[in-house]
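File shown: query_31.pdb. Contents: PDB, C-alpha atoms.
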```
ATOM      1  CA  MET N  20      -0.256  42.646  27.884  1.00  0.00           C
ATOM      2  CA  ARG N  21      -1.144  40.199  25.139  1.00  0.00           C
ATOM      3  CA  SER N  22       1.742  37.771  24.655  1.00  0.00           C
ATOM      4  CA  SER N  23       0.586  36.417  21.296  1.00  0.00           C
ATOM      5  CA  ALA N  24      -1.953  36.802  18.544  1.00  0.00           C
ATOM      6  CA  GLN N  25      -3.788  33.597  19.423  1.00  0.00           C
ATOM      7  CA  ASN N  26      -6.683  35.318  21.167  1.00  0.00           C
ATOM      8  CA  LEU N  27      -7.049  38.217  18.737  1.00  0.00           C
ATOM      9  CA  GLN N  28     -10.696  38.676  17.759  1.00  0.00           C
ATOM     10  CA  VAL N  29     -10.755  39.729  14.112  1.00  0.00           C
ATOM     11  CA  LEU N  30     -14.023  41.357  13.050  1.00  0.00           C
ATOM     12  CA  TYR N  31     -13.243  42.124   9.409  1.00  0.00           C
ATOM     13  CA  GLU N  32     -10.354  41.643   7.027  1.00  0.00           C
ATOM     14  CA  ASP N  33      -9.605  42.077   3.339  1.00  0.00           C
ATOM     15  CA  ASN N  34      -6.526  43.005   1.294  1.00  0.00           C
ATOM     16  CA  HIS N  35      -6.565  46.599   2.512  1.00  0.00           C
ATOM     17  CA  ILE N  36      -7.877  46.768   6.080  1.00  0.00           C
ATOM     18  CA  ILE N  37      -8.314  44.692   9.214  1.00  0.00           C
ATOM     19  CA  ALA N  38     -10.613  45.441  12.162  1.00  0.00           C
ATOM     20  CA  VAL N  39     -10.336  43.833  15.591  1.00  0.00           C
ATOM     21  CA  ASN N  40     -12.206  43.852  18.886  1.00  0.00           C
ATOM     22  CA  LYS N  41      -9.903  45.529  21.402  1.00  0.00           C
ATOM     23  CA  ARG N  42      -9.872  44.439  25.038  1.00  0.00           C
ATOM     24  CA  SER N  43      -9.954  47.138  27.706  1.00  0.00           C
ATOM     25  CA  SER N  44      -6.390  46.306  28.786  1.00  0.00           C
ATOM     26  CA  ASP N  45      -4.821  46.777  25.340  1.00  0.00           C
ATOM     27  CA  ILE N  46      -3.073  49.873  24.056  1.00  0.00           C
ATOM     28  CA  VAL N  47      -3.555  50.565  20.362  1.00  0.00           C
ATOM     29  CA  GLN N  48      -0.111  52.050  19.753  1.00  0.00           C
ATOM     30  CA  GLY N  49       3.163  51.804  21.677  1.00  0.00           C
ATOM     31  CA  ASP N  50       3.710  54.270  24.525  1.00  0.00           C
ATOM     32  CA  LYS N  51       6.028  54.923  27.465  1.00  0.00           C
ATOM     33  CA  THR N  52       4.708  51.868  29.352  1.00  0.00           C
ATOM     34  CA  GLY N  53       6.576  49.585  26.980  1.00  0.00           C
ATOM     35  CA  ASP N  54       3.598  47.211  26.894  1.00  0.00           C
ATOM     36  CA  GLN N  55       2.981  45.336  23.683  1.00  0.00           C
ATOM     37  CA  PRO N  56       0.615  47.439  21.538  1.00  0.00           C
ATOM     38  CA  LEU N  57      -2.347  46.046  19.657  1.00  0.00           C
ATOM     39  CA  SER N  58      -0.725  47.148  16.389  1.00  0.00           C
ATOM     40  CA  ASP N  59       2.109  44.667  17.007  1.00  0.00           C
ATOM     41  CA  VAL N  60      -0.349  41.902  17.890  1.00  0.00           C
ATOM     42  CA  VAL N  61      -2.157  42.473  14.607  1.00  0.00           C
ATOM     43  CA  LYS N  62       1.174  42.342  12.766  1.00  0.00           C
ATOM     44  CA  GLU N  63       1.946  39.023  14.436  1.00  0.00           C
ATOM     45  CA  TRP N  64      -1.481  37.648  13.534  1.00  0.00           C
ATOM     46  CA  LEU N  65      -1.058  38.627   9.876  1.00  0.00           C
ATOM     47  CA  ARG N  66       2.494  37.271   9.757  1.00  0.00           C
ATOM     48  CA  ILE N  67       1.311  33.894  11.063  1.00  0.00           C
ATOM     49  CA  LYS N  68      -1.810  33.702   8.888  1.00  0.00           C
ATOM     50  CA  TYR N  69       0.008  34.490   5.645  1.00  0.00           C
ATOM     51  CA  ASN N  70       3.355  32.961   6.604  1.00  0.00           C
ATOM     52  CA  LYS N  71       5.208  36.184   5.886  1.00  0.00           C
ATOM     53  CA  PRO N  72       8.914  36.099   6.820  1.00  0.00           C
ATOM     54  CA  GLY N  73       9.497  39.843   6.602  1.00  0.00           C
ATOM     55  CA  ASN N  74       7.905  42.950   8.057  1.00  0.00           C
ATOM     56  CA  VAL N  75       4.129  43.294   7.832  1.00  0.00           C
ATOM     57  CA  PHE N  76       2.624  46.740   7.264  1.00  0.00           C
ATOM     58  CA  THR N  77       0.047  47.645   9.895  1.00  0.00           C
ATOM     59  CA  GLY N  78      -0.950  51.302   9.881  1.00  0.00           C
ATOM     60  CA  VAL N  79      -2.645  52.843  12.922  1.00  0.00           C
ATOM     61  CA  VAL N  80      -5.715  54.642  11.571  1.00  0.00           C
ATOM     62  CA  HIS N  81      -7.227  55.775  14.875  1.00  0.00           C
ATOM     63  CA  ARG N  82      -6.995  55.077  18.595  1.00  0.00           C
ATOM     64  CA  ILE N  83      -9.354  54.504  21.492  1.00  0.00           C
ATOM     65  CA  ASP N  84      -8.375  54.925  25.149  1.00  0.00           C
ATOM     66  CA  ARG N  85      -6.646  52.025  26.865  1.00  0.00           C
ATOM     67  CA  PRO N  86      -9.484  51.299  29.339  1.00  0.00           C
ATOM     68  CA  VAL N  87     -12.046  51.289  26.497  1.00  0.00           C
ATOM     69  CA  SER N  88     -12.997  48.142  24.562  1.00  0.00           C
ATOM     70  CA  GLY N  89     -14.339  47.737  21.054  1.00  0.00           C
ATOM     71  CA  VAL N  90     -13.681  48.000  17.350  1.00  0.00           C
ATOM     72  CA  VAL N  91     -10.355  49.337  16.083  1.00  0.00           C
ATOM     73  CA  VAL N  92      -9.438  49.522  12.390  1.00  0.00           C
ATOM     74  CA  PHE N  93      -5.905  49.124  11.018  1.00  0.00           C
ATOM     75  CA  ALA N  94      -4.664  49.639   7.462  1.00  0.00           C
ATOM     76  CA  LYS N  95      -2.758  46.896   5.636  1.00  0.00           C
ATOM     77  CA  THR N  96      -1.379  49.236   2.954  1.00  0.00           C
ATOM     78  CA  SER N  97      -0.022  52.786   2.954  1.00  0.00           C
ATOM     79  CA  LYS N  98      -2.696  53.836   0.454  1.00  0.00           C
ATOM     80  CA  ALA N  99      -5.483  52.579   2.710  1.00  0.00           C
ATOM     81  CA  LEU N 100      -3.857  54.274   5.713  1.00  0.00           C
ATOM     82  CA  SER N 101      -3.689  57.730   4.130  1.00  0.00           C
ATOM     83  CA  ARG N 102      -7.245  57.532   2.804  1.00  0.00           C
ATOM     84  CA  LEU N 103      -8.718  56.327   6.094  1.00  0.00           C
ATOM     85  CA  VAL N 104      -6.826  58.912   8.129  1.00  0.00           C
ATOM     86  CA  ASN N 105      -8.261  61.556   5.811  1.00  0.00           C
ATOM     87  CA  GLN N 106     -11.787  60.237   6.405  1.00  0.00           C
ATOM     88  CA  PHE N 107     -11.256  60.589  10.153  1.00  0.00           C
ATOM     89  CA  ARG N 108      -9.839  64.068   9.703  1.00  0.00           C
ATOM     90  CA  GLU N 109     -12.834  65.132   7.600  1.00  0.00           C
ATOM     91  CA  ARG N 110     -15.259  63.556  10.115  1.00  0.00           C
ATOM     92  CA  ASP N 111     -16.626  61.211   7.481  1.00  0.00           C
ATOM     93  CA  VAL N 112     -16.344  58.256   9.876  1.00  0.00           C
ATOM     94  CA  LYS N 113     -19.361  57.553  12.083  1.00  0.00           C
ATOM     95  CA  LYS N 114     -18.660  55.909  15.446  1.00  0.00           C
ATOM     96  CA  THR N 115     -21.108  54.415  17.917  1.00  0.00           C
ATOM     97  CA  TYR N 116     -20.238  53.722  21.553  1.00  0.00           C
ATOM     98  CA  TRP N 117     -22.153  52.019  24.334  1.00  0.00           C
ATOM     99  CA  ALA N 118     -21.604  53.184  27.904  1.00  0.00           C
ATOM    100  CA  ALA N 119     -22.840  51.897  31.248  1.00  0.00           C
ATOM    101  CA  VAL N 120     -23.238  54.957  33.456  1.00  0.00           C
ATOM    102  CA  CYS N 121     -23.659  55.216  37.204  1.00  0.00           C
ATOM    103  CA  LYS N 122     -26.618  57.585  37.086  1.00  0.00           C
ATOM    104  CA  SER N 123     -29.425  57.962  34.589  1.00  0.00           C
ATOM    105  CA  PRO N 124     -29.381  61.222  32.585  1.00  0.00           C
ATOM    106  CA  PRO N 125     -32.261  63.680  32.994  1.00  0.00           C
ATOM    107  CA  ASP N 126     -33.537  63.059  29.466  1.00  0.00           C
ATOM    108  CA  THR N 127     -33.924  59.846  27.466  1.00  0.00           C
ATOM    109  CA  SER N 128     -31.879  61.387  24.665  1.00  0.00           C
ATOM    110  CA  GLY N 129     -30.063  64.596  23.907  1.00  0.00           C
ATOM    111  CA  ARG N 130     -27.088  66.426  22.501  1.00  0.00           C
ATOM    112  CA  LEU N 131     -24.200  67.579  24.698  1.00  0.00           C
ATOM    113  CA  VAL N 132     -22.125  70.564  23.621  1.00  0.00           C
ATOM    114  CA  ASN N 133     -19.199  71.578  25.830  1.00  0.00           C
ATOM    115  CA  HIS N 134     -15.814  73.214  25.467  1.00  0.00           C
ATOM    116  CA  LEU N 135     -12.904  71.072  26.595  1.00  0.00           C
ATOM    117  CA  VAL N 136      -9.359  71.872  27.616  1.00  0.00           C
ATOM    118  CA  LYS N 137      -6.811  69.049  27.698  1.00  0.00           C
ATOM    119  CA  ASP N 138      -4.255  68.856  30.510  1.00  0.00           C
ATOM    120  CA  GLY N 139      -1.453  66.746  29.062  1.00  0.00           C
ATOM    121  CA  GLY N 140       0.357  66.450  32.384  1.00  0.00           C
ATOM    122  CA  LYS N 141      -2.666  64.866  34.040  1.00  0.00           C
ATOM    123  CA  ASN N 142      -3.826  63.106  30.848  1.00  0.00           C
ATOM    124  CA  LYS N 143      -7.257  64.503  31.519  1.00  0.00           C
ATOM    125  CA  SER N 144      -9.693  66.908  29.889  1.00  0.00           C
ATOM    126  CA  PHE N 145     -11.859  69.475  31.631  1.00  0.00           C
ATOM    127  CA  VAL N 146     -15.039  71.333  30.707  1.00  0.00           C
ATOM    128  CA  ARG N 147     -14.266  75.034  30.535  1.00  0.00           C
ATOM    129  CA  SER N 148     -15.744  78.253  29.203  1.00  0.00           C
ATOM    130  CA  ALA N 149     -15.740  78.705  25.445  1.00  0.00           C
ATOM    131  CA  LYS N 150     -13.466  81.702  25.996  1.00  0.00           C
ATOM    132  CA  SER N 151     -10.822  79.669  27.847  1.00  0.00           C
ATOM    133  CA  PRO N 152      -7.437  79.448  26.111  1.00  0.00           C
ATOM    134  CA  LYS N 153      -7.115  76.295  23.954  1.00  0.00           C
ATOM    135  CA  ALA N 154     -10.755  75.333  24.571  1.00  0.00           C
ATOM    136  CA  LYS N 155     -12.204  73.143  21.800  1.00  0.00           C
ATOM    137  CA  GLU N 156     -15.864  72.504  21.163  1.00  0.00           C
ATOM    138  CA  ALA N 157     -17.014  68.921  21.785  1.00  0.00           C
ATOM    139  CA  THR N 158     -20.376  67.599  20.646  1.00  0.00           C
ATOM    140  CA  LEU N 159     -22.054  64.207  21.068  1.00  0.00           C
ATOM    141  CA  ASP N 160     -25.516  62.694  20.892  1.00  0.00           C
ATOM    142  CA  TYR N 161     -26.738  60.164  23.443  1.00  0.00           C
ATOM    143  CA  GLU N 162     -29.786  57.947  23.928  1.00  0.00           C
ATOM    144  CA  ILE N 163     -30.840  55.559  26.684  1.00  0.00           C
ATOM    145  CA  ILE N 164     -31.040  52.059  25.186  1.00  0.00           C
ATOM    146  CA  GLY N 165     -31.423  49.967  28.338  1.00  0.00           C
ATOM    147  CA  ARG N 166     -31.000  49.547  32.061  1.00  0.00           C
ATOM    148  CA  THR N 167     -29.693  47.003  34.528  1.00  0.00           C
ATOM    149  CA  ASP N 168     -30.340  46.901  38.273  1.00  0.00           C
ATOM    150  CA  LYS N 169     -27.664  49.511  38.964  1.00  0.00           C
ATOM    151  CA  TYR N 170     -26.681  51.097  35.659  1.00  0.00           C
ATOM    152  CA  THR N 171     -28.125  52.880  32.662  1.00  0.00           C
ATOM    153  CA  ILE N 172     -26.903  51.909  29.194  1.00  0.00           C
ATOM    154  CA  LEU N 173     -26.399  54.755  26.747  1.00  0.00           C
ATOM    155  CA  GLU N 174     -25.716  54.722  23.034  1.00  0.00           C
ATOM    156  CA  VAL N 175     -23.344  57.584  22.295  1.00  0.00           C
ATOM    157  CA  LYS N 176     -22.460  59.033  18.906  1.00  0.00           C
ATOM    158  CA  PRO N 177     -19.627  61.564  19.046  1.00  0.00           C
ATOM    159  CA  ILE N 178     -19.778  64.324  16.450  1.00  0.00           C
ATOM    160  CA  THR N 179     -16.305  65.617  17.241  1.00  0.00           C
ATOM    161  CA  GLY N 180     -13.229  63.641  18.317  1.00  0.00           C
ATOM    162  CA  ARG N 181     -11.740  65.349  21.366  1.00  0.00           C
ATOM    163  CA  HIS N 182      -9.477  63.840  24.017  1.00  0.00           C
ATOM    164  CA  HIS N 183     -11.532  61.716  26.457  1.00  0.00           C
ATOM    165  CA  GLN N 184     -14.614  63.431  25.040  1.00  0.00           C
ATOM    166  CA  ILE N 185     -17.290  60.874  25.903  1.00  0.00           C
ATOM    167  CA  ARG N 186     -15.867  60.276  29.358  1.00  0.00           C
ATOM    168  CA  VAL N 187     -15.673  63.926  30.378  1.00  0.00           C
ATOM    169  CA  GLN N 188     -18.944  65.021  28.770  1.00  0.00           C
ATOM    170  CA  LEU N 189     -21.004  62.250  30.363  1.00  0.00           C
ATOM    171  CA  ALA N 190     -19.343  62.912  33.716  1.00  0.00           C
ATOM    172  CA  HIS N 191     -20.073  66.630  33.409  1.00  0.00           C
ATOM    173  CA  MET N 192     -23.737  65.726  32.830  1.00  0.00           C
ATOM    174  CA  GLY N 193     -23.616  63.872  36.160  1.00  0.00           C
ATOM    175  CA  CYS N 194     -23.394  60.416  34.604  1.00  0.00           C
ATOM    176  CA  PRO N 195     -19.839  59.066  34.997  1.00  0.00           C
ATOM    177  CA  ILE N 196     -19.042  55.797  33.245  1.00  0.00           C
ATOM    178  CA  LYS N 197     -18.805  52.710  35.460  1.00  0.00           C
ATOM    179  CA  GLY N 198     -15.206  52.167  36.576  1.00  0.00           C
ATOM    180  CA  ASP N 199     -13.946  55.550  35.354  1.00  0.00           C
ATOM    181  CA  LEU N 200     -12.325  56.878  38.524  1.00  0.00           C
ATOM    182  CA  LYS N 201     -10.591  59.646  36.577  1.00  0.00           C
ATOM    183  CA  TYR N 202     -13.961  61.185  35.761  1.00  0.00           C
ATOM    184  CA  GLY N 203     -15.924  60.624  38.927  1.00  0.00           C
ATOM    185  CA  ALA N 204     -16.994  56.980  39.132  1.00  0.00           C
ATOM    186  CA  PRO N 205     -17.196  55.899  42.796  1.00  0.00           C
ATOM    187  CA  ARG N 206     -15.011  52.795  42.305  1.00  0.00           C
ATOM    188  CA  SER N 207     -12.762  51.168  39.746  1.00  0.00           C
ATOM    189  CA  ASN N 208     -13.408  47.956  37.833  1.00  0.00           C
ATOM    190  CA  PRO N 209     -11.355  44.899  38.837  1.00  0.00           C
ATOM    191  CA  ASP N 210      -9.596  44.759  35.453  1.00  0.00           C
ATOM    192  CA  GLY N 211      -8.817  48.479  35.374  1.00  0.00           C
ATOM    193  CA  GLY N 212     -11.088  49.034  32.386  1.00  0.00           C
ATOM    194  CA  ILE N 213     -14.196  51.173  32.119  1.00  0.00           C
ATOM    195  CA  HIS N 214     -17.644  50.324  30.771  1.00  0.00           C
ATOM    196  CA  LEU N 215     -17.246  52.202  27.511  1.00  0.00           C
ATOM    197  CA  HIS N 216     -17.359  50.047  24.380  1.00  0.00           C
ATOM    198  CA  ALA N 217     -16.698  51.143  20.797  1.00  0.00           C
ATOM    199  CA  ARG N 218     -19.713  49.246  19.481  1.00  0.00           C
ATOM    200  CA  ALA N 219     -19.630  50.064  15.763  1.00  0.00           C
ATOM    201  CA  ILE N 220     -17.923  52.066  13.045  1.00  0.00           C
ATOM    202  CA  ASN N 221     -19.120  53.214   9.615  1.00  0.00           C
ATOM    203  CA  PHE N 222     -16.832  54.437   6.852  1.00  0.00           C
ATOM    204  CA  HIS N 223     -16.218  54.137   3.134  1.00  0.00           C
ATOM    205  CA  HIS N 224     -13.771  51.478   2.025  1.00  0.00           C
ATOM    206  CA  PRO N 225     -10.498  53.225   1.131  1.00  0.00           C
ATOM    207  CA  VAL N 226     -10.167  51.333  -2.180  1.00  0.00           C
ATOM    208  CA  LYS N 227     -13.565  49.864  -3.087  1.00  0.00           C
ATOM    209  CA  LYS N 228     -15.340  53.103  -2.013  1.00  0.00           C
ATOM    210  CA  GLU N 229     -18.353  51.134  -0.774  1.00  0.00           C
ATOM    211  CA  PRO N 230     -19.855  51.619   2.712  1.00  0.00           C
ATOM    212  CA  VAL N 231     -18.376  49.445   5.466  1.00  0.00           C
ATOM    213  CA  TYR N 232     -20.126  48.743   8.773  1.00  0.00           C
ATOM    214  CA  ILE N 233     -18.281  46.827  11.491  1.00  0.00           C
ATOM    215  CA  GLU N 234     -19.784  45.896  14.866  1.00  0.00           C
ATOM    216  CA  ALA N 235     -17.878  44.649  17.910  1.00  0.00           C
ATOM    217  CA  PRO N 236     -19.487  42.115  20.306  1.00  0.00           C
ATOM    218  CA  LEU N 237     -19.693  43.221  23.932  1.00  0.00           C
ATOM    219  CA  PRO N 238     -17.159  41.952  26.473  1.00  0.00           C
ATOM    220  CA  GLU N 239     -18.107  38.942  28.582  1.00  0.00           C
ATOM    221  CA  ASP N 240     -18.878  41.062  31.627  1.00  0.00           C
ATOM    222  CA  PRO N 241     -21.719  40.832  34.171  1.00  0.00           C
ATOM    223  CA  VAL N 242     -23.076  44.311  33.387  1.00  0.00           C
ATOM    224  CA  TRP N 243     -23.099  43.786  29.633  1.00  0.00           C
ATOM    225  CA  VAL N 244     -24.527  40.274  30.078  1.00  0.00           C
ATOM    226  CA  ALA N 245     -27.301  41.690  32.265  1.00  0.00           C
ATOM    227  CA  PHE N 246     -28.039  44.205  29.515  1.00  0.00           C
ATOM    228  CA  GLY N 247     -28.584  41.203  27.283  1.00  0.00           C
ATOM    229  CA  GLN N 248     -27.662  42.578  23.851  1.00  0.00           C
TER     230      GLN N 248
END
```

As structure tokens, please, write out the structure in this file.
Amino acid sequence: MRSSAQNLQVLYEDNHIIAVNKRSSDIVQGDKTGDQPLSDVVKEWLRIKYNKPGNVFTGVVHRIDRPVSGVVVFAKTSKALSRLVNQFRERDVKKTYWAAVCKSPPDTSGRLVNHLVKDGGKNKSFVRSAKSPKAKEATLDYEIIGRTDKYTILEVKPITGRHHQIRVQLAHMGCPIKGDLKYGAPRSNPDGGIHLHARAINFHHPVKKEPVYIEAPLPEDPVWVAFGQ
């Protein structure tokens, strides 16, 4: 849990939106754990920066899994929130992830298309037949962009936005993400995170309408350092 906003890494900010680099231990929005969510940390940061005595609006536009690091965008106004949420709903937002996987895929690049069923009780998704009840199609593109001594680094671009999509689809291909015990990695990471990083996001500014590209630096981690990007 982050106790203050002092260590918040802000990647982009204007009058309408703010983007930050999430740590793998942070939750984006409050949940049953009661841990301080990133949305509250951003509120605190804005309150301190602008010396605001009252409540600060911080709208949650999208979420990434708790063990995942990388760029997260928040809205600073209700207008920006509704317009950004609509962009996500219409799949107008392009997201790029980097993943360190335990086994190299059979091809240097490719497209994965599976049908996923979410088990809410287990907080896990499973690849099932397209005819399975509640199955939803999940599509992503991947490409090998590097290697370390033990791991292969993939750039992943999800086309759809299903629950745990990248994690379950890569695992189903035989390439679980480092540290992701839930989806077949042989061991966990010491910090409880996984080596999946929301590297970049592209969208249109909700007010200015111009293209916005935001990139999140990699965590200071031996695997990412060895990758050298």

Which residues of range 27-127 of chain N come within 7 Å of range 214-237 of chain N, and what is each one's closest atom pair and distance in Å (one decimal), counting all atoms listed in the file, sorted by chain and residue number, as JSON lines?
```
{"residue": "N:Asn40", "atom": "CA", "partner": "N:Ala235", "partner_atom": "CA", "distance": 5.8}
{"residue": "N:Val87", "atom": "CA", "partner": "N:Leu215", "partner_atom": "CA", "distance": 5.4}
{"residue": "N:Ser88", "atom": "CA", "partner": "N:His216", "partner_atom": "CA", "distance": 4.8}
{"residue": "N:Gly89", "atom": "CA", "partner": "N:Ala217", "partner_atom": "CA", "distance": 4.2}
{"residue": "N:Val90", "atom": "CA", "partner": "N:Ala235", "partner_atom": "CA", "distance": 5.4}
{"residue": "N:Ala99", "atom": "CA", "partner": "N:Pro225", "partner_atom": "CA", "distance": 5.3}
{"residue": "N:Arg102", "atom": "CA", "partner": "N:Pro225", "partner_atom": "CA", "distance": 5.7}
{"residue": "N:Leu103", "atom": "CA", "partner": "N:Pro225", "partner_atom": "CA", "distance": 6.1}
{"residue": "N:Asp111", "atom": "CA", "partner": "N:Phe222", "partner_atom": "CA", "distance": 6.8}
{"residue": "N:Val112", "atom": "CA", "partner": "N:Phe222", "partner_atom": "CA", "distance": 4.9}
{"residue": "N:Lys113", "atom": "CA", "partner": "N:Asn221", "partner_atom": "CA", "distance": 5.0}
{"residue": "N:Lys114", "atom": "CA", "partner": "N:Ile220", "partner_atom": "CA", "distance": 4.6}
{"residue": "N:Thr115", "atom": "CA", "partner": "N:Ala219", "partner_atom": "CA", "distance": 5.1}
{"residue": "N:Tyr116", "atom": "CA", "partner": "N:Ala217", "partner_atom": "CA", "distance": 4.4}
{"residue": "N:Trp117", "atom": "CA", "partner": "N:His216", "partner_atom": "CA", "distance": 5.2}
{"residue": "N:Ala118", "atom": "CA", "partner": "N:Leu215", "partner_atom": "CA", "distance": 4.5}
{"residue": "N:Ala119", "atom": "CA", "partner": "N:His214", "partner_atom": "CA", "distance": 5.4}
```

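Using all atoms listed in the file, the protein and nucleic acid residues lying no more than 9 Å from Asn142 in chain N, apart from those fewer than 3 places from it along its own chain, are Lys137, Asp138, Gly139, His182 and His183 of chain N.
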
Go ahead and fit an axis-aligned box to every listed atom of range 223-237 of chain N plus 6 Å each side, and pass me the centre and edge lengths in Å, one decimal, as lines of an AutoDock Vina configuration file.
```
center_x = -15.1
center_y = 48.1
center_z = 10.4
size_x = 22.0
size_y = 24.0
size_z = 39.0
```

Discussion item. So that I can check the surroundings of Val187 in chain N, please list as a ChimeraX atom specification every protein, DNA and RNA residue that reaches within 12 Å of it, counting all atoms listed in the file and ignoring chain neighbours fewer than 6 positions away.
Written reply: /N:131-137,142-147,157-159,181,193-196,199-204

Go ahead and save the residues from that selection, with C-alpha atoms, as a compact mmCIF listing (two decimals), keeping the file's coordinate frame.
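Result went into selection-v4.txt, see below:
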```
# COMPACT_ATOMS: atom_id res chain seq x y z
CA LEU N 131 -24.20 67.58 24.70
CA VAL N 132 -22.12 70.56 23.62
CA ASN N 133 -19.20 71.58 25.83
CA HIS N 134 -15.81 73.21 25.47
CA LEU N 135 -12.90 71.07 26.60
CA VAL N 136 -9.36 71.87 27.62
CA LYS N 137 -6.81 69.05 27.70
CA ASN N 142 -3.83 63.11 30.85
CA LYS N 143 -7.26 64.50 31.52
CA SER N 144 -9.69 66.91 29.89
CA PHE N 145 -11.86 69.47 31.63
CA VAL N 146 -15.04 71.33 30.71
CA ARG N 147 -14.27 75.03 30.54
CA ALA N 157 -17.01 68.92 21.78
CA THR N 158 -20.38 67.60 20.65
CA LEU N 159 -22.05 64.21 21.07
CA ARG N 181 -11.74 65.35 21.37
CA GLY N 193 -23.62 63.87 36.16
CA CYS N 194 -23.39 60.42 34.60
CA PRO N 195 -19.84 59.07 35.00
CA ILE N 196 -19.04 55.80 33.24
CA ASP N 199 -13.95 55.55 35.35
CA LEU N 200 -12.32 56.88 38.52
CA LYS N 201 -10.59 59.65 36.58
CA TYR N 202 -13.96 61.18 35.76
CA GLY N 203 -15.92 60.62 38.93
CA ALA N 204 -16.99 56.98 39.13
```

Where does the PyMOL selection byres ((chain N and resi 78) around 12) land in this file, that is, which residues does it pick, as a compact mmCIF listing (two decimals) with C-alpha atoms, in the coordinates of the input?
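The resulting file, result-v4.txt, is shown below:
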```txt
# COMPACT_ATOMS: atom_id res chain seq x y z
CA HIS N 35 -6.56 46.60 2.51
CA ILE N 36 -7.88 46.77 6.08
CA ILE N 37 -8.31 44.69 9.21
CA ALA N 38 -10.61 45.44 12.16
CA VAL N 47 -3.56 50.56 20.36
CA GLN N 48 -0.11 52.05 19.75
CA LEU N 57 -2.35 46.05 19.66
CA SER N 58 -0.72 47.15 16.39
CA ASP N 59 2.11 44.67 17.01
CA VAL N 61 -2.16 42.47 14.61
CA LYS N 62 1.17 42.34 12.77
CA VAL N 75 4.13 43.29 7.83
CA PHE N 76 2.62 46.74 7.26
CA THR N 77 0.05 47.64 9.90
CA VAL N 79 -2.64 52.84 12.92
CA VAL N 80 -5.72 54.64 11.57
CA HIS N 81 -7.23 55.78 14.88
CA ARG N 82 -7.00 55.08 18.60
CA VAL N 91 -10.36 49.34 16.08
CA VAL N 92 -9.44 49.52 12.39
CA PHE N 93 -5.90 49.12 11.02
CA ALA N 94 -4.66 49.64 7.46
CA LYS N 95 -2.76 46.90 5.64
CA THR N 96 -1.38 49.24 2.95
CA SER N 97 -0.02 52.79 2.95
CA LYS N 98 -2.70 53.84 0.45
CA ALA N 99 -5.48 52.58 2.71
CA LEU N 100 -3.86 54.27 5.71
CA SER N 101 -3.69 57.73 4.13
CA ARG N 102 -7.24 57.53 2.80
CA LEU N 103 -8.72 56.33 6.09
CA VAL N 104 -6.83 58.91 8.13
```

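Of the listed residues (N:Gly212, N:Gly180, N:Pro125, N:Pro205), N:Gly180 comes nearest to Phe107 in chain N; the distances count all atoms listed in the file.
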
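Across the structure, CA of Arg66 in chain N and CA of Ile83 in chain N are spaced 24.0 Å apart.
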
Worksheet item: By how many Å are CA of Ile67 in chain N and CA of Arg85 in chain N apart?
Response: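 CA of Arg85 in chain N lies 25.3 Å from CA of Ile67 in chain N.
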
Worksheet item: Rounded to one decimal in Å, what is the spacing between CA of Trp64 in chain N and CA of Asn26 in chain N?
Response: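 Distance reported for this atom pair: 9.5 Å.
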
Practice prompt. Find the spatial neighbours of Gly165 in chain N, counting all atoms listed in the file, within a cut-off of 10 Å - ignore same-chain residues fewer than 2 positions away - and output them as an MDAnalysis selection string.
Written response: chainID N and resid 119 162:163 167 170:174 246:248

Practice prompt. Compare N:Lys176, N:Lys169, N:Lys41, N:Lys153 by their minimum atom-to-atom distance to Pro86 in chain N, counting all atoms listed in the file, and give me the closest one.
Written response: N:Lys41

Worksheet entry | Nearest candidate to Asp126 in chain N (options N:Arg42, N:Gln25, N:Lys71, N:Met192; using only C-alpha atoms) |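 Of N:Arg42, N:Gln25, N:Lys71, N:Met192, the one nearest Asp126 in chain N is N:Met192, counting only C-alpha atoms.
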
Discussion item. I need the residue nearest Arg186 in chain N from this list: N:Ala154, N:Leu65, N:Ile213, N:Val244. Use all atoms listed in the file for the distance.
Written reply: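 Answer, going by the shortest atom-to-atom distance: N:Ile213.
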
Can you fill out range 234-241 of chain N with N, CA and C atoms and hand it back as an mmCIF file, keeping the file's coordinate frame?
```cif
data_model
loop_
_atom_site.group_PDB
_atom_site.id
_atom_site.type_symbol
_atom_site.label_atom_id
_atom_site.label_comp_id
_atom_site.auth_asym_id
_atom_site.auth_seq_id
_atom_site.Cartn_x
_atom_site.Cartn_y
_atom_site.Cartn_z
ATOM 1 N N GLU N 234 -19.239 45.887 13.511
ATOM 2 C CA GLU N 234 -19.784 45.896 14.866
ATOM 3 C C GLU N 234 -18.959 44.978 15.758
ATOM 4 N N ALA N 235 -18.679 45.425 16.964
ATOM 5 C CA ALA N 235 -17.878 44.649 17.910
ATOM 6 C C ALA N 235 -18.766 44.064 19.008
ATOM 7 N N PRO N 236 -18.739 42.729 19.207
ATOM 8 C CA PRO N 236 -19.487 42.115 20.306
ATOM 9 C C PRO N 236 -19.062 42.699 21.657
ATOM 10 N N LEU N 237 -19.984 42.704 22.596
ATOM 11 C CA LEU N 237 -19.693 43.221 23.932
ATOM 12 C C LEU N 237 -18.776 42.273 24.698
ATOM 13 N N PRO N 238 -17.986 42.815 25.624
ATOM 14 C CA PRO N 238 -17.159 41.952 26.473
ATOM 15 C C PRO N 238 -18.016 41.017 27.323
ATOM 16 N N GLU N 239 -17.426 39.883 27.683
ATOM 17 C CA GLU N 239 -18.107 38.942 28.582
ATOM 18 C C GLU N 239 -17.986 39.490 30.007
ATOM 19 N N ASP N 240 -18.927 40.326 30.368
ATOM 20 C CA ASP N 240 -18.878 41.062 31.627
ATOM 21 C C ASP N 240 -20.281 41.047 32.229
ATOM 22 N N PRO N 241 -20.394 40.934 33.561
ATOM 23 C CA PRO N 241 -21.719 40.832 34.171
ATOM 24 C C PRO N 241 -22.684 41.960 33.810
#
```
